[in-house]
>>> print(open('query.txt').read())   # compact mmCIF, C-alpha atoms
# COMPACT_ATOMS: atom_id res chain seq x y z
CA MET A 1 205.78 84.60 148.04
CA LEU A 2 207.24 87.61 146.20
CA PHE A 3 206.15 86.19 142.86
CA ALA A 4 202.63 85.69 144.24
CA ARG A 5 202.58 89.31 145.44
CA LEU A 6 203.79 90.60 142.08
CA ALA A 7 201.30 88.41 140.19
CA ARG A 8 198.55 89.59 142.57
CA SER A 9 197.63 86.00 143.34
CA LYS A 10 194.82 85.73 145.85
CA LYS A 11 194.00 82.02 145.80
CA GLY A 12 197.40 80.39 145.47
CA SER A 13 197.53 79.94 141.70
CA ALA A 14 200.80 81.86 141.33
CA GLU A 15 202.42 79.87 144.13
CA ALA A 16 201.24 76.62 142.54
CA ALA A 17 202.69 77.55 139.15
CA TYR A 18 205.94 78.83 140.69
CA GLY A 19 206.35 75.61 142.66
CA VAL A 20 206.31 73.49 139.50
CA VAL A 21 209.40 75.27 138.16
CA GLU A 22 212.51 73.74 139.73
CA ASP A 23 215.32 75.61 137.97
CA TYR A 24 216.50 78.69 139.90
CA SER A 25 217.20 80.80 136.82
CA LYS A 26 213.69 80.20 135.48
CA ARG A 27 212.13 81.06 138.85
CA SER A 28 214.28 84.15 138.99
CA ASP A 29 213.09 85.16 135.51
CA MET A 30 209.47 84.65 136.59
CA VAL A 31 209.96 87.10 139.48
CA LYS A 32 211.95 89.56 137.36
CA PHE A 33 209.42 89.69 134.53
CA ALA A 34 206.46 89.88 136.90
CA ALA A 35 208.16 92.81 138.65
CA ARG A 36 208.88 94.54 135.33
CA ALA A 37 205.23 94.11 134.34
CA VAL A 38 203.82 95.81 137.44
CA LEU A 39 206.52 98.30 138.47
CA SER A 40 207.78 101.37 136.66
CA GLU A 41 211.21 101.26 135.03
CA ASP A 42 212.60 103.84 137.45
CA SER A 43 211.24 102.09 140.54
CA LEU A 44 213.79 101.62 143.30
CA PHE A 45 211.81 98.56 144.37
CA LEU A 46 212.30 97.04 140.91
CA ALA A 47 216.03 97.82 141.08
CA ASP A 48 216.27 96.16 144.51
CA ILE A 49 214.41 93.08 143.29
CA GLU A 50 216.65 92.73 140.23
CA GLN A 51 219.85 93.23 142.25
CA THR A 52 218.75 90.67 144.83
CA LEU A 53 217.91 88.16 142.09
CA LYS A 54 221.31 88.73 140.49
CA ASP A 55 223.10 88.25 143.82
CA THR A 56 221.15 85.14 144.75
CA GLY A 57 221.81 83.74 141.27
CA LEU A 58 225.51 83.79 142.08
CA LEU A 59 224.74 82.00 145.34
CA ALA A 60 222.74 79.36 143.48
CA THR A 61 225.95 78.22 141.80
CA LYS A 62 227.64 77.78 145.17
CA ARG A 63 224.57 75.98 146.49
CA ASN A 64 224.81 73.55 143.56
CA HIS A 65 228.51 73.02 144.22
CA ILE A 66 227.77 72.09 147.83
CA ALA A 67 224.68 70.02 147.06
CA HIS A 68 226.33 68.00 144.28
CA GLY A 69 229.89 67.89 145.58
CA ILE A 70 231.48 65.24 147.73
CA VAL A 71 232.96 65.64 151.18
CA GLY A 72 236.61 64.78 151.59
CA GLN A 73 238.97 64.85 154.51
CA ARG A 74 242.04 67.01 154.30
CA ILE A 75 245.16 64.99 155.03
CA VAL A 76 248.43 66.68 156.02
CA HIS A 77 251.79 64.89 155.79
CA THR A 78 254.50 66.12 158.13
CA THR A 79 258.11 64.99 157.93
CA GLU A 80 259.55 64.51 161.40
CA ASP A 81 263.18 65.21 162.38
CA ASP A 82 263.95 61.49 162.17
CA GLY A 83 262.72 61.39 158.55
CA SER A 84 259.50 59.58 159.30
CA VAL A 85 256.27 60.95 157.84
CA ARG A 86 253.35 61.66 160.11
CA THR A 87 249.90 61.81 158.55
CA THR A 88 247.14 63.75 160.25
CA ALA A 89 243.62 64.73 159.28
CA SER A 90 242.96 68.44 159.27
CA GLY A 91 239.32 69.19 158.58
CA TYR A 92 236.94 68.54 155.73
CA TYR A 93 236.15 70.06 152.34
CA VAL A 94 233.53 69.81 149.60
CA ALA A 95 234.79 69.36 146.04
CA PRO A 96 233.42 68.09 142.72
CA ALA A 97 232.68 64.39 142.54
CA SER A 98 235.30 62.33 140.72
CA TYR A 99 232.90 61.67 137.83
CA ALA A 100 232.22 65.41 137.28
CA SER A 101 234.89 65.68 134.60
CA ARG A 102 233.99 69.23 133.54
CA LYS A 103 234.55 70.39 137.10
CA LYS A 104 237.78 68.50 137.79
CA VAL A 105 241.33 69.20 136.71
CA SER A 106 243.20 66.58 134.71
CA PRO A 107 245.04 63.82 136.58
CA ALA A 108 248.34 65.36 135.47
CA LYS A 109 247.42 68.77 136.91
CA LEU A 110 246.23 67.10 140.11
CA MET A 111 249.58 65.34 140.54
CA GLU A 112 251.38 68.62 139.85
CA ALA A 113 249.27 70.33 142.52
CA PHE A 114 249.96 67.50 144.93
CA ARG A 115 253.72 67.92 144.42
CA GLU A 116 253.70 71.73 144.61
CA TYR A 117 251.12 72.12 147.38
CA PRO A 118 251.24 68.95 149.49
CA ASP A 119 249.13 70.45 152.29
CA ASP A 120 246.62 72.34 150.13
CA TRP A 121 246.38 70.29 146.93
CA PHE A 122 242.74 69.51 147.70
CA GLN A 123 241.83 73.12 146.91
CA ARG A 124 243.27 72.73 143.42
CA GLN A 125 241.55 69.52 142.32
CA GLY A 126 238.55 71.15 140.66
CA VAL A 127 236.78 74.37 139.88
CA TYR A 128 235.91 74.62 143.57
CA ALA A 129 236.81 73.16 146.93
CA TYR A 130 235.15 74.70 149.97
CA THR A 131 236.45 74.13 153.47
CA SER A 132 233.92 73.58 156.24
CA ALA A 133 234.49 77.19 157.36
CA GLN A 134 233.69 78.41 153.83
CA VAL A 135 230.53 76.27 153.72
CA ALA A 136 229.47 77.84 157.03
CA GLN A 137 230.07 81.33 155.59
CA ILE A 138 228.08 80.51 152.45
CA SER A 139 225.27 79.22 154.67
CA ALA A 140 225.29 82.47 156.66
CA THR A 141 225.08 84.40 153.37
CA PHE A 142 222.04 82.32 152.35
CA ILE A 143 220.37 83.29 155.62
CA ASP A 144 221.16 86.98 154.99
CA TYR A 145 219.58 86.79 151.54
CA GLN A 146 216.57 84.97 152.95
CA ARG A 147 216.08 87.96 155.24
CA THR A 148 216.51 90.29 152.26
CA MET A 149 213.82 88.39 150.33
CA ILE A 150 211.48 88.53 153.31
CA GLY A 151 212.11 92.28 153.41
CA LEU A 152 211.17 92.56 149.73
CA VAL A 153 207.93 90.68 150.37
CA GLN A 154 207.15 93.03 153.26
CA ARG A 155 207.94 96.07 151.07
CA SER A 156 205.61 94.70 148.41
CA PHE A 157 202.62 95.43 150.63
CA ASP A 158 203.40 99.15 150.42
CA GLU A 159 204.83 99.20 146.90
CA LEU A 160 201.94 97.33 145.28
CA LYS A 161 199.00 99.13 146.86
CA SER A 162 196.19 99.52 144.41
>>> encode(input="query.txt", output="structure tokens")
Amino acid sequence: MLFARLARSKKGSAEAAYGVVEDYSKRSDMVKFAARAVLSEDSLFLADIEQTLKDTGLLATKRNHIAHGIVGQRIVHTTEDDGSVRTTASGYYVAPASYASRKKVSPAKLMEAFREYPDDWFQRQGVYAYTSAQVAQISATFIDYQRTMIGLVQRSFDELKS
């Protein structure tokens, strides 16, 4: 909607073109360059748009981690007084899929992490591992930025009067 406002689309052509682009960074560039074309360099509105796009770009990476990761169950091993080992499940996490070799640590590093951090090794198996609480926090942040974007669209009605 913000792109359509910046492009001054009245019949849906901007929305149609924007919808064809699936990559977030390209969509972000479309909004950024449309804003730069219609707003002055010293515009606070332009600065707010660019900062919001930068911030949401960082969130896009986390969104991709969650969308393309796999869910695993955290397992905790507890040694009892009698020497027996009790295994319990303790929540869930999202981590890179096993085939995502650029996002995983080597098997040797994984075994090292397992030995050094038996209860938290899952957080060291790749470039990310989000607990369910962290996924909930990321989700809440997405909602906050959705509100911010809606606010920018609302501001555009005043900022783009002509």
>>> closest_residue(input="query.txt", among="A:Phe45, A:Asp23, A:Tyr93, A:Ile70", to="Asp158 in chain A", atoms="only C-alpha atoms")
A:Phe45
>>> atom_distance(input="query.txt", atom1="CA of Met30 in chain A", atom2="CA of Leu160 in chain A")
17.1 Å
>>> closest_residue(input="query.txt", among="A:Ala108, A:Ala14, A:Val85, A:Ala35", to="Leu53 in chain A", atoms="all atoms listed in the file")
A:Ala35
>>> atom_distance(input="query.txt", atom1="CA of Ser28 in chain A", atom2="CA of Glu50 in chain A")
9.0 Å
>>> residues_near_point(input="query.txt", point="(217.2, 93.2, 143.7)", cutoff="12 Å", atoms="all atoms listed in the file", output="list in words")
Leu2, Ser28, Val31, Lys32, Ala35, Arg36, Ser43, Leu44, Phe45, Leu46, Ala47, Asp48, Ile49, Glu50, Gln51, Thr52, Leu53, Lys54, Asp55, Thr56, Gly57, Tyr145, Thr148, Met149, Gly151, Leu152 and Val153 of chain A
>>> residues_around(input="query.txt", residues="range 89-92 of chain A", least_positions_apart="6", cutoff="6 Å", atoms="all atoms listed in the file", output="VMD selection string")
chain A and resid 72 to 75 132
>>> closest_residue(input="query.txt", among="A:Lys109, A:Ser139, A:Thr131, A:Tyr24", to="Thr61 in chain A", atoms="only C-alpha atoms")
A:Tyr24
>>> atom_distance(input="query.txt", atom1="CA of Ser9 in chain A", atom2="CA of Ala34 in chain A")
11.6 Å
>>> closest_residue(input="query.txt", among="A:Tyr130, A:His68, A:Ser84, A:Leu59", to="Gln146 in chain A", atoms="all atoms listed in the file")
A:Leu59
